[in-house]
file final.txt (compact mmCIF, C-alpha atoms)
# COMPACT_ATOMS: atom_id res chain seq x y z
CA MET N 1 3.61 -12.23 76.83
CA ASP N 2 4.07 -10.68 80.26
CA PHE N 3 1.49 -10.72 83.03
CA PRO N 4 -0.83 -7.70 83.09
CA THR N 5 -0.61 -5.54 86.20
CA LEU N 6 -3.30 -5.59 88.85
CA LYS N 7 -4.52 -2.21 90.08
CA ILE N 8 -6.45 -1.95 93.33
CA GLY N 9 -7.04 1.73 93.86
CA ASP N 10 -3.62 3.38 93.92
CA ILE N 11 -1.87 0.05 94.55
CA VAL N 12 -0.20 -1.37 91.44
CA CYS N 13 0.76 -5.03 91.61
CA PRO N 14 3.20 -6.18 88.88
CA VAL N 15 1.95 -9.78 88.95
CA PRO N 16 -1.81 -10.53 89.07
CA ILE N 17 -1.44 -13.29 91.67
CA VAL N 18 -2.73 -13.08 95.23
CA GLN N 19 -1.40 -15.70 97.62
CA GLY N 20 -4.39 -17.04 99.53
CA GLY N 21 -4.50 -16.53 103.27
CA MET N 22 -4.19 -19.91 105.00
CA GLY N 23 -5.00 -19.83 108.68
CA ILE N 24 -3.58 -21.22 111.91
CA GLY N 25 -0.04 -20.43 110.88
CA ILE N 26 0.26 -21.70 107.30
CA SER N 27 0.73 -18.27 105.70
CA LEU N 28 2.62 -15.84 107.89
CA SER N 29 5.31 -13.23 107.23
CA LYS N 30 7.84 -15.60 105.67
CA LEU N 31 5.55 -16.79 102.88
CA ALA N 32 3.77 -13.46 102.41
CA SER N 33 6.99 -11.48 102.04
CA ALA N 34 8.43 -14.02 99.58
CA VAL N 35 5.36 -13.69 97.35
CA ALA N 36 5.46 -9.90 97.61
CA ASN N 37 9.13 -9.92 96.62
CA GLU N 38 8.18 -11.72 93.40
CA GLY N 39 5.61 -9.07 92.48
CA GLY N 40 2.46 -10.73 93.79
CA ILE N 41 0.35 -9.91 96.84
CA GLY N 42 1.48 -11.80 99.92
CA VAL N 43 -1.19 -12.48 102.51
CA ILE N 44 -0.88 -13.15 106.24
CA ALA N 45 -3.79 -15.15 107.66
CA GLY N 46 -5.28 -13.74 110.85
CA ALA N 47 -7.20 -16.83 112.00
CA MET N 48 -5.74 -17.82 115.39
CA ILE N 49 -2.44 -16.24 114.43
CA GLY N 50 -1.54 -16.11 118.12
CA ILE N 51 -1.90 -19.86 118.74
CA GLY N 52 1.76 -20.06 119.76
CA GLU N 53 1.65 -17.16 122.21
CA PRO N 54 2.16 -18.16 125.89
CA ASP N 55 -0.94 -16.28 127.07
CA VAL N 56 -3.29 -17.28 124.24
CA THR N 57 -5.62 -19.25 126.52
CA LYS N 58 -5.78 -16.51 129.16
CA ASP N 59 -6.06 -13.52 126.87
CA PRO N 60 -6.70 -14.59 123.26
CA VAL N 61 -7.51 -11.04 122.12
CA GLU N 62 -4.16 -9.66 123.24
CA ALA N 63 -2.25 -12.74 122.08
CA ASN N 64 -3.72 -12.68 118.58
CA ASN N 65 -3.34 -8.94 118.16
CA ARG N 66 0.26 -9.07 119.34
CA ALA N 67 1.09 -11.90 116.94
CA LEU N 68 -0.64 -10.18 114.01
CA ARG N 69 1.19 -6.94 114.67
CA ARG N 70 4.50 -8.81 114.87
CA GLU N 71 3.92 -10.72 111.63
CA ILE N 72 2.96 -7.57 109.72
CA ARG N 73 6.07 -5.78 110.93
CA GLU N 74 8.25 -8.78 110.17
CA ALA N 75 6.84 -8.96 106.62
CA ARG N 76 7.51 -5.25 106.17
CA SER N 77 11.11 -5.76 107.20
CA LEU N 78 11.53 -8.45 104.52
CA THR N 79 9.86 -6.79 101.55
CA GLY N 80 8.90 -3.51 99.98
CA GLY N 81 6.13 -5.28 98.10
CA ILE N 82 2.40 -5.52 98.72
CA ILE N 83 1.24 -7.23 101.92
CA GLY N 84 -2.33 -8.07 102.85
CA VAL N 85 -4.09 -9.84 105.69
CA ASN N 86 -6.99 -12.27 105.55
CA ILE N 87 -9.44 -11.81 108.43
CA MET N 88 -12.54 -13.99 108.62
CA VAL N 89 -15.77 -12.24 109.56
CA ALA N 90 -16.69 -15.32 111.61
CA LEU N 91 -13.78 -14.78 113.99
CA THR N 92 -14.88 -13.80 117.49
CA HIS N 93 -12.21 -11.11 117.66
CA TYR N 94 -12.70 -9.86 114.10
CA PRO N 95 -12.97 -6.13 115.00
CA ASP N 96 -9.75 -6.21 117.02
CA LEU N 97 -7.76 -7.83 114.21
CA VAL N 98 -9.13 -5.38 111.65
CA LYS N 99 -8.22 -2.39 113.82
CA THR N 100 -4.72 -3.73 114.42
CA SER N 101 -4.17 -4.26 110.69
CA ILE N 102 -5.27 -0.74 109.87
CA GLU N 103 -3.10 0.71 112.65
CA GLU N 104 -0.12 -1.13 111.13
CA GLY N 105 -0.86 0.35 107.71
CA ILE N 106 -1.51 -2.96 106.00
CA ASP N 107 -2.00 -2.58 102.25
CA ILE N 108 -5.12 -4.73 101.89
CA ILE N 109 -7.63 -6.50 104.12
CA PHE N 110 -9.26 -9.56 102.54
CA SER N 111 -12.39 -10.56 104.43
CA GLY N 112 -14.73 -13.51 103.95
CA ALA N 113 -16.40 -16.38 105.87
CA GLY N 114 -19.35 -14.07 106.31
CA LEU N 115 -20.31 -10.74 104.77
CA PRO N 116 -18.07 -7.89 106.01
CA MET N 117 -20.88 -5.33 106.14
CA ASP N 118 -19.17 -3.07 108.72
CA LEU N 119 -15.62 -3.23 107.37
CA PRO N 120 -15.34 0.38 106.04
CA GLY N 121 -16.42 1.66 109.45
CA TYR N 122 -13.06 0.63 110.92
CA LEU N 123 -11.01 2.81 108.59
CA THR N 124 -9.32 5.76 110.25
CA LYS N 125 -8.64 9.20 108.82
CA GLY N 126 -5.76 9.08 106.39
CA SER N 127 -5.79 5.28 106.14
CA ARG N 128 -4.81 3.90 102.75
CA THR N 129 -5.71 0.29 103.51
CA LYS N 130 -7.78 -1.26 100.73
CA LEU N 131 -10.83 -3.39 101.56
CA VAL N 132 -11.52 -6.53 99.54
CA PRO N 133 -14.47 -8.78 100.43
CA ILE N 134 -14.36 -12.49 99.58
CA VAL N 135 -17.67 -13.69 98.12
CA SER N 136 -19.14 -16.80 96.56
CA SER N 137 -21.96 -15.21 94.56
CA ALA N 138 -22.91 -12.14 92.55
CA ARG N 139 -25.78 -11.57 94.97
CA ALA N 140 -23.38 -11.25 97.91
CA ALA N 141 -21.13 -8.88 95.96
CA LYS N 142 -24.05 -6.64 95.01
CA LEU N 143 -25.41 -6.61 98.55
CA ILE N 144 -22.03 -5.58 99.99
CA CYS N 145 -21.74 -2.79 97.42
CA GLN N 146 -25.18 -1.45 98.27
CA LYS N 147 -24.59 -1.56 102.02
CA TRP N 148 -21.15 0.04 101.84
CA ILE N 149 -22.36 2.81 99.54
CA ASN N 150 -25.44 3.58 101.65
CA ARG N 151 -23.73 3.40 105.04
CA PHE N 152 -20.19 4.56 104.34
CA ASN N 153 -20.19 6.05 100.84
CA TYR N 154 -17.46 3.50 100.10
CA ILE N 155 -17.02 1.22 97.09
CA PRO N 156 -15.21 -2.12 97.60
CA ASP N 157 -11.68 -1.79 96.26
CA ALA N 158 -11.91 -5.26 94.69
CA PHE N 159 -13.64 -8.61 95.18
CA VAL N 160 -12.23 -12.09 95.54
CA VAL N 161 -14.69 -14.54 94.02
CA GLU N 162 -14.04 -17.94 95.56
CA GLY N 163 -15.45 -21.05 93.92
CA PRO N 164 -16.14 -24.53 95.33
CA LYS N 165 -12.76 -26.00 94.35
CA ALA N 166 -10.96 -24.03 97.04
CA GLY N 167 -9.36 -25.56 100.10
CA GLY N 168 -10.58 -24.99 103.63
CA HIS N 169 -14.00 -23.71 104.54
CA LEU N 170 -16.30 -23.21 101.57
CA GLY N 171 -19.11 -20.73 101.18
CA PHE N 172 -21.44 -23.28 99.61
CA LYS N 173 -23.90 -25.95 100.62
CA GLU N 174 -22.49 -29.44 100.17
CA SER N 175 -24.99 -30.06 97.34
CA GLN N 176 -23.63 -27.04 95.43
CA ILE N 177 -19.96 -28.04 95.44
CA ASP N 178 -20.20 -30.24 92.32
CA ASP N 179 -23.18 -28.43 90.79
CA PRO N 180 -22.37 -26.99 87.31
CA ASP N 181 -24.33 -23.86 88.23
CA PHE N 182 -21.70 -22.99 90.85
CA THR N 183 -18.45 -23.41 88.92
CA LEU N 184 -15.85 -20.68 89.38
CA GLU N 185 -16.18 -19.82 85.69
CA ARG N 186 -19.87 -19.10 86.07
CA LEU N 187 -19.41 -17.24 89.35
CA VAL N 188 -16.71 -14.98 87.89
CA LYS N 189 -18.84 -14.13 84.86
CA ASN N 190 -21.87 -13.37 87.04
CA VAL N 191 -19.93 -11.15 89.44
CA VAL N 192 -18.20 -9.29 86.59
CA GLU N 193 -21.56 -8.61 84.92
CA THR N 194 -23.21 -7.59 88.19
CA ILE N 195 -20.44 -5.29 89.42
CA LYS N 196 -19.62 -3.59 86.11
CA PRO N 197 -22.62 -1.17 86.09
CA LEU N 198 -22.02 -0.29 89.76
CA ALA N 199 -18.37 0.46 89.06
CA GLU N 200 -19.27 2.57 86.03
CA ALA N 201 -21.96 4.48 87.91
CA HIS N 202 -19.42 5.49 90.55
CA ASN N 203 -16.55 5.87 88.08
CA THR N 204 -14.51 3.45 90.20
CA PRO N 205 -12.87 0.26 88.83
CA ILE N 206 -13.62 -2.81 90.95
CA PRO N 207 -11.20 -5.61 90.01
CA ILE N 208 -12.41 -9.20 90.32
CA ILE N 209 -9.96 -11.82 91.62
CA ALA N 210 -10.79 -15.44 90.76
CA ALA N 211 -10.05 -18.04 93.45
CA GLY N 212 -10.51 -21.74 94.01
CA GLY N 213 -8.86 -24.40 91.85
CA VAL N 214 -6.54 -22.08 89.91
CA TYR N 215 -3.37 -24.11 89.40
CA THR N 216 -1.39 -23.24 86.24
CA GLY N 217 -0.34 -20.21 84.23
CA GLU N 218 -2.81 -21.35 81.60
CA ASP N 219 -5.55 -21.25 84.25
CA ILE N 220 -4.55 -17.68 85.04
CA ARG N 221 -4.94 -16.65 81.40
CA TYR N 222 -8.30 -18.44 81.23
CA PHE N 223 -9.78 -16.48 84.12
CA LEU N 224 -8.31 -13.20 82.95
CA ASN N 225 -10.07 -13.82 79.63
CA LEU N 226 -13.34 -14.28 81.52
CA GLY N 227 -13.03 -10.77 82.92
CA ALA N 228 -11.08 -11.32 86.13
CA SER N 229 -8.18 -8.96 86.80
CA ALA N 230 -6.17 -11.46 88.86
CA VAL N 231 -6.29 -14.85 90.54
CA GLN N 232 -5.84 -16.05 94.10
CA MET N 233 -3.86 -19.24 94.72
CA GLY N 234 -3.42 -21.05 98.02
CA THR N 235 -2.57 -24.72 97.52
CA ARG N 236 0.34 -24.01 95.16
CA PHE N 237 2.06 -21.94 97.84
CA VAL N 238 1.87 -24.67 100.50
CA ALA N 239 4.52 -26.70 98.70
CA THR N 240 7.12 -23.93 98.82
CA HIS N 241 10.20 -23.69 100.98
CA GLU N 242 8.97 -20.38 102.36
CA CYS N 243 5.56 -21.66 103.50
CA ASP N 244 5.40 -21.25 107.28
CA ALA N 245 4.16 -24.82 107.93
CA ASP N 246 6.29 -27.78 109.01
CA LEU N 247 7.98 -29.78 106.24
CA SER N 248 5.84 -32.84 107.01
CA PHE N 249 2.72 -30.73 106.41
CA LYS N 250 3.97 -29.91 102.92
CA GLN N 251 4.91 -33.53 102.28
CA THR N 252 1.32 -34.66 102.84
CA PHE N 253 0.43 -32.73 99.69
CA LEU N 254 3.14 -34.52 97.73
CA ALA N 255 1.86 -37.89 98.93
CA ALA N 256 -1.83 -37.17 98.30
CA GLY N 257 -3.85 -38.82 95.59
CA LYS N 258 -7.05 -37.47 94.07
CA GLU N 259 -9.03 -39.92 96.19
CA ASP N 260 -7.59 -38.38 99.36
CA LEU N 261 -9.43 -35.08 98.87
CA VAL N 262 -12.67 -35.13 100.82
CA ILE N 263 -15.43 -32.75 101.84
CA ILE N 264 -15.87 -32.61 105.61
CA LYS N 265 -18.40 -31.07 107.95
CA SER N 266 -16.43 -28.59 110.00
CA PRO N 267 -17.27 -27.85 113.64
CA VAL N 268 -17.80 -24.21 112.65
CA GLY N 269 -20.84 -25.12 110.58
CA MET N 270 -19.44 -24.99 107.05
CA PRO N 271 -18.32 -27.69 104.63
CA GLY N 272 -14.60 -27.78 103.94
CA ARG N 273 -12.17 -29.53 101.64
CA ALA N 274 -9.33 -31.43 103.32
CA LEU N 275 -6.85 -34.24 102.91
CA ARG N 276 -8.24 -37.45 104.33
CA ASN N 277 -6.33 -39.10 107.17
CA LYS N 278 -6.97 -41.27 110.22
CA PHE N 279 -8.00 -38.30 112.33
CA LEU N 280 -10.82 -37.46 109.89
CA ASP N 281 -11.73 -41.14 109.45
CA ASP N 282 -12.17 -41.46 113.22
CA VAL N 283 -14.35 -38.35 113.35
CA GLY N 284 -16.37 -39.59 110.37
CA ALA N 285 -16.98 -42.86 112.17
CA GLY N 286 -18.57 -40.95 115.03
CA GLY N 287 -15.50 -40.49 117.17
CA LYS N 288 -15.18 -37.45 119.38
CA LYS N 289 -11.86 -35.90 120.30
CA PRO N 290 -12.27 -34.58 123.86
CA PHE N 291 -11.18 -30.97 124.33
CA ARG N 292 -11.68 -27.84 126.33
CA CYS N 293 -12.32 -24.64 124.42
CA PRO N 294 -9.86 -22.01 125.61
CA TYR N 295 -9.94 -19.91 122.44
CA HIS N 296 -13.57 -19.12 121.48
CA CYS N 297 -12.15 -18.29 118.07
CA VAL N 298 -15.16 -18.68 115.75
CA LYS N 299 -18.63 -17.36 116.48
CA THR N 300 -20.44 -20.29 114.86
CA CYS N 301 -18.63 -23.03 116.79
CA ASN N 302 -20.51 -24.74 119.62
CA PRO N 303 -17.89 -26.57 121.73
CA SER N 304 -20.50 -28.68 123.50
CA LYS N 305 -21.61 -30.21 120.19
CA SER N 306 -18.33 -30.16 118.27
CA PRO N 307 -16.55 -33.53 117.79
CA TYR N 308 -13.17 -31.77 117.93
CA CYS N 309 -11.55 -28.35 118.17
CA ILE N 310 -10.85 -27.00 114.68
CA THR N 311 -8.07 -24.74 115.99
CA LEU N 312 -6.25 -27.55 117.78
CA ALA N 313 -6.67 -29.87 114.78
CA LEU N 314 -5.27 -27.40 112.26
CA SER N 315 -2.55 -26.23 114.62
CA GLY N 316 -1.43 -29.80 115.23
CA ALA N 317 -1.26 -30.49 111.50
CA LYS N 318 0.72 -27.31 110.87
CA LYS N 319 3.36 -28.70 113.23
CA GLY N 320 3.28 -32.09 111.51
CA LYS N 321 1.27 -33.81 114.26
CA PHE N 322 -1.37 -35.46 112.08
CA LYS N 323 -2.41 -37.82 114.83
CA TYR N 324 -4.15 -34.79 116.29
CA GLY N 325 -5.31 -33.00 113.18
CA PHE N 326 -5.58 -32.66 109.41
CA ALA N 327 -4.74 -30.34 106.52
CA PHE N 328 -7.13 -28.28 104.45
CA ALA N 329 -6.33 -28.40 100.72
CA GLY N 330 -7.69 -27.26 97.38
CA SER N 331 -9.12 -29.63 94.77
CA ASN N 332 -5.84 -29.75 92.85
CA ALA N 333 -3.63 -30.65 95.81
CA TYR N 334 -3.02 -34.14 94.38
CA ARG N 335 -1.18 -32.52 91.44
CA VAL N 336 1.57 -31.13 93.68
CA ASN N 337 4.71 -33.24 93.15
CA LYS N 338 7.61 -31.26 94.58
CA ILE N 339 8.56 -28.50 96.96
CA VAL N 340 10.00 -25.42 95.26
CA SER N 341 10.88 -21.86 96.17
CA VAL N 342 8.32 -19.12 95.74
CA LYS N 343 10.50 -17.64 93.01
CA GLU N 344 10.57 -20.95 91.13
CA LEU N 345 6.81 -21.25 91.41
CA MET N 346 6.14 -17.71 90.23
CA ASP N 347 8.59 -18.09 87.35
CA SER N 348 6.95 -21.34 86.25
CA LEU N 349 3.48 -19.79 86.36
CA HIS N 350 4.73 -16.90 84.25
CA GLU N 351 6.28 -19.27 81.73
CA GLU N 352 3.08 -21.33 81.54
CA TYR N 353 1.13 -18.12 81.01
CA ARG N 354 3.43 -17.11 78.13
CA GLN N 355 3.32 -20.61 76.66
CA SER N 356 -0.47 -20.56 76.59
CA PHE N 357 -0.30 -17.82 73.97
CA SER N 358 2.10 -19.84 71.83
CA ASP N 359 -0.13 -22.89 72.15
CA SER N 360 -3.10 -20.81 70.98
CA LYS N 361 -1.16 -19.66 67.91
CA ASP N 362 -0.12 -23.23 67.17
CA ASN N 363 -3.74 -24.36 67.34
CA VAL N 364 -4.83 -21.59 64.98
CA SER N 365 -2.03 -22.49 62.54
CA ALA N 366 -3.02 -26.15 62.65
CA GLU N 367 -6.64 -25.27 61.90
CA LEU N 368 -5.60 -23.04 58.99
CA ASN N 369 -3.33 -25.73 57.56
CA CYS N 370 -6.15 -28.23 57.85
CA ASP N 371 -8.46 -25.90 55.92
CA ILE N 372 -5.78 -25.35 53.25
CA ASP N 373 -5.28 -29.10 52.88
CA SER N 374 -9.03 -29.61 52.56
CA CYS N 375 -9.26 -26.90 49.90
CA GLY N 376 -6.37 -28.46 48.00
CA LYS N 377 -8.05 -31.84 47.97
CA VAL N 378 -11.32 -30.34 46.77
CA ALA N 379 -9.49 -28.50 43.99
CA ALA N 380 -7.77 -31.72 42.89
CA ILE N 381 -11.08 -33.60 42.70
CA LEU N 382 -12.64 -30.83 40.64
call {"tool": "encode", "arguments": {"input": "final.txt", "output": "structure tokens"}}
result
Amino acid sequence: MDFPTLKIGDIVCPVPIVQGGMGIGISLSKLASAVANEGGIGVIAGAMIGIGEPDVTKDPVEANNRALRREIREARSLTGGIIGVNIMVALTHYPDLVKTSIEEGIDIIFSGAGLPMDLPGYLTKGSRTKLVPIVSSARAAKLICQKWINRFNYIPDAFVVEGPKAGGHLGFKESQIDDPDFTLERLVKNVVETIKPLAEAHNTPIPIIAAGGVYTGEDIRYFLNLGASAVQMGTRFVATHECDADLSFKQTFLAAGKEDLVIIKSPVGMPGRALRNKFLDDVGAGGKKPFRCPYHCVKTCNPSKSPYCITLALSGAKKGKFKYGFAFAGSNAYRVNKIVSVKELMDSLHEEYRQSFSDSKDNVSAELNCDIDSCGKVAAIL
């Protein structure tokens, strides 16, 4: 059984897998183009994409826009597939990054970490860029729909519904992360039910993309059966040769145990899931990592009260310098046991997806045989 296609407006994606945007340099053009070449949607993360630019401390707006433009163009040179960008609403320079992406003709903008209420207002005449909000509740999805329709006469092209098993910053209170009422399964069902009448009323399909804890091809089938049109996966793509992070960053995932996944309080005011290390232990014990804030990257960060700089910490980890930082990771990161190519990963997910259908048939056959055996025994007794 082949994967169903994912349609977002006039974009047709052969494989219903979106590679999650992982910021501060984890998912750039190399990873995004590799995923796009395998039929999925490759995503470049916009968060502090210009961290390596020489003028980033003097002119972060120009540095980040330049780097984003370069990465989009580089991805385009490597693939004819579908490329998106992930731009967090909470970023201080959010409008600039959105405008740059649209100018470069990016296929899709994924936007979360806040509600992207003004996003359609940045579209220019003739732009074909699709707009996909990332939400953590049906209420948020409905509110965005209402605002976009009333203000811009625009329907979201799709939604990513991200559950509490995702890596990085989470759109939940810490008490909700393990609450059965906030599982991804329940969130997907609620958003599908909430959005369906809106989509029908405007005669516009609005695909739902399930994200957060999706790990296998069987998981993909499970969420498609719940009404999602695709899934988003981040953690699986870290342990690929094409991931833009340092090899030692990827190896931390291979070495991680389930007990190493922890929920932290991020300096930007949101809980996040990360791999525990000495840096985080020191912070948890009340330690403060002295820093100056040259970036002003996230609106909700207060440098005077922050125990460390989230940008410097994530940037250091990306380069393999875990003495100065840590890695965000999804809840299934401990299951990663080897580094593979993007092609190998996509092929294995496809095979697992196909196998899930065979397993279902085997289960049905076993149940039927059991019933037949039971009937035979009853007949013999009679």
call {"tool": "closest_residue", "arguments": {"input": "final.txt", "among": "N:Leu115, N:Ile177, N:Ile17, N:Val132", "to": "Val35 in chain N", "atoms": "only C-alpha atoms"}}
result
N:Ile17
call {"tool": "residues_around", "arguments": {"input": "final.txt", "residues": "Leu226 in chain N", "least_positions_apart": "2", "cutoff": "10 Å", "atoms": "all atoms listed in the file", "output": "ChimeraX atom specification"}}
result
/N:185-186,188-189,192,210,221-224,228-229
call {"tool": "write_last_selection", "arguments": {"input": "final.txt", "atoms": "C-alpha atoms", "output": "PDB file, keeping the file's coordinate frame"}}
result
ATOM      1  CA  GLU N 185     -16.180 -19.820  85.690  1.00  0.00           C
ATOM      2  CA  ARG N 186     -19.870 -19.100  86.070  1.00  0.00           C
ATOM      3  CA  VAL N 188     -16.710 -14.980  87.890  1.00  0.00           C
ATOM      4  CA  LYS N 189     -18.840 -14.130  84.860  1.00  0.00           C
ATOM      5  CA  VAL N 192     -18.200  -9.290  86.590  1.00  0.00           C
ATOM      6  CA  ALA N 210     -10.790 -15.440  90.760  1.00  0.00           C
ATOM      7  CA  ARG N 221      -4.940 -16.650  81.400  1.00  0.00           C
ATOM      8  CA  TYR N 222      -8.300 -18.440  81.230  1.00  0.00           C
ATOM      9  CA  PHE N 223      -9.780 -16.480  84.120  1.00  0.00           C
ATOM     10  CA  LEU N 224      -8.310 -13.200  82.950  1.00  0.00           C
ATOM     11  CA  ALA N 228     -11.080 -11.320  86.130  1.00  0.00           C
ATOM     12  CA  SER N 229      -8.180  -8.960  86.800  1.00  0.00           C
TER      13      SER N 229
END
call {"tool": "closest_residue", "arguments": {"input": "final.txt", "among": "N:Val43, N:Val89, N:Ala34, N:Leu97", "to": "Arg66 in chain N", "atoms": "all atoms listed in the file"}}
result
N:Leu97
call {"tool": "closest_residue", "arguments": {"input": "final.txt", "among": "N:Ser101, N:Ser306, N:Ser29, N:Ser348", "to": "Asp244 in chain N", "atoms": "all atoms listed in the file"}}
result
N:Ser29
call {"tool": "closest_residue", "arguments": {"input": "final.txt", "among": "N:Lys165, N:His296, N:Lys30, N:Arg276", "to": "Val61 in chain N", "atoms": "only C-alpha atoms"}}
result
N:His296
call {"tool": "closest_residue", "arguments": {"input": "final.txt", "among": "N:Thr235, N:Ser137, N:Thr194, N:Ser356", "to": "Lys250 in chain N", "atoms": "all atoms listed in the file"}}
result
N:Thr235
call {"tool": "residues_around", "arguments": {"input": "final.txt", "residues": "Ile49 in chain N", "least_positions_apart": "3", "cutoff": "8 Å", "atoms": "all atoms listed in the file", "output": "VMD selection string"}}
result
chain N and resid 23 to 25 45 to 46 52 64 67 to 68
call {"tool": "closest_residue", "arguments": {"input": "final.txt", "among": "N:Val214, N:Val342, N:Ala329, N:Met270", "to": "Met233 in chain N", "atoms": "only C-alpha atoms"}}
result
N:Val214
call {"tool": "residues_around", "arguments": {"input": "final.txt", "residues": "Ala313 in chain N", "least_positions_apart": "3", "cutoff": "6 Å", "atoms": "all atoms listed in the file", "output": "list in words"}}
result
Ile310, Gly316, Tyr324 and Gly325 of chain N
call {"tool": "write_last_selection", "arguments": {"input": "final.txt", "atoms": "C-alpha atoms", "output": "CSV table (one decimal), keeping the file's coordinate frame"}}
result
chain,number,residue,atom,x,y,z
N,310,ILE,CA,-10.8,-27.0,114.7
N,316,GLY,CA,-1.4,-29.8,115.2
N,324,TYR,CA,-4.2,-34.8,116.3
N,325,GLY,CA,-5.3,-33.0,113.2
call {"tool": "atom_distance", "arguments": {"input": "final.txt", "atom1": "CA of Ser266 in chain N", "atom2": "CA of Gly84 in chain N"}}
result
25.9 Å
call {"tool": "residues_around", "arguments": {"input": "final.txt", "residues": "Gln251 in chain N", "least_positions_apart": "6", "cutoff": "12 Å", "atoms": "only C-alpha atoms", "output": "count of residues only"}}
result
19
call {"tool": "atom_distance", "arguments": {"input": "final.txt", "atom1": "CA of Lys173 in chain N", "atom2": "CA of Asp282 in chain N"}}
result
23.2 Å
call {"tool": "residues_around", "arguments": {"input": "final.txt", "residues": "Pro4 in chain N", "least_positions_apart": "5", "cutoff": "12 Å", "atoms": "only C-alpha atoms", "output": "NGL selection string"}}
result
:N and (12-17 or 39-40 or 220-221 or 224-225 or 228-231 or 350 or 353-354)
call {"tool": "atom_distance", "arguments": {"input": "final.txt", "atom1": "CA of Gly284 in chain N", "atom2": "CA of Thr57 in chain N"}}
result
28.1 Å
call {"tool": "build_atoms", "arguments": {"input": "final.txt", "residues": "range 252-263 of chain N", "atoms": "N, CA and C atoms", "output": "short mmCIF file (atom, residue, chain, number, x, y, z; two decimals), in the coordinates of the input"}}
result
data_model
loop_
_atom_site.label_atom_id
_atom_site.label_comp_id
_atom_site.auth_asym_id
_atom_site.auth_seq_id
_atom_site.Cartn_x
_atom_site.Cartn_y
_atom_site.Cartn_z
N THR N 252 2.61 -33.99 102.98
CA THR N 252 1.32 -34.66 102.84
C THR N 252 0.68 -34.32 101.51
N PHE N 253 0.96 -33.12 101.00
CA PHE N 253 0.43 -32.73 99.69
C PHE N 253 1.11 -33.54 98.59
N LEU N 254 2.42 -33.74 98.73
CA LEU N 254 3.14 -34.52 97.73
C LEU N 254 2.66 -35.97 97.69
N ALA N 255 2.27 -36.49 98.85
CA ALA N 255 1.86 -37.89 98.93
C ALA N 255 0.39 -38.11 98.59
N ALA N 256 -0.38 -37.04 98.47
CA ALA N 256 -1.83 -37.17 98.30
C ALA N 256 -2.22 -37.62 96.90
N GLY N 257 -3.23 -38.46 96.85
CA GLY N 257 -3.85 -38.82 95.59
C GLY N 257 -5.19 -38.12 95.47
N LYS N 258 -5.78 -38.15 94.30
CA LYS N 258 -7.05 -37.47 94.07
C LYS N 258 -8.12 -37.99 95.03
N GLU N 259 -8.04 -39.29 95.32
CA GLU N 259 -9.03 -39.92 96.19
C GLU N 259 -8.91 -39.46 97.65
N ASP N 260 -7.81 -38.83 97.98
CA ASP N 260 -7.59 -38.38 99.36
C ASP N 260 -8.26 -37.04 99.67
N LEU N 261 -8.75 -36.36 98.65
CA LEU N 261 -9.43 -35.08 98.87
C LEU N 261 -10.89 -35.33 99.19
N VAL N 262 -11.31 -34.86 100.36
CA VAL N 262 -12.67 -35.13 100.82
C VAL N 262 -13.33 -33.84 101.31
N ILE N 263 -14.65 -33.86 101.28
CA ILE N 263 -15.43 -32.75 101.84
C ILE N 263 -15.85 -33.15 103.25
#
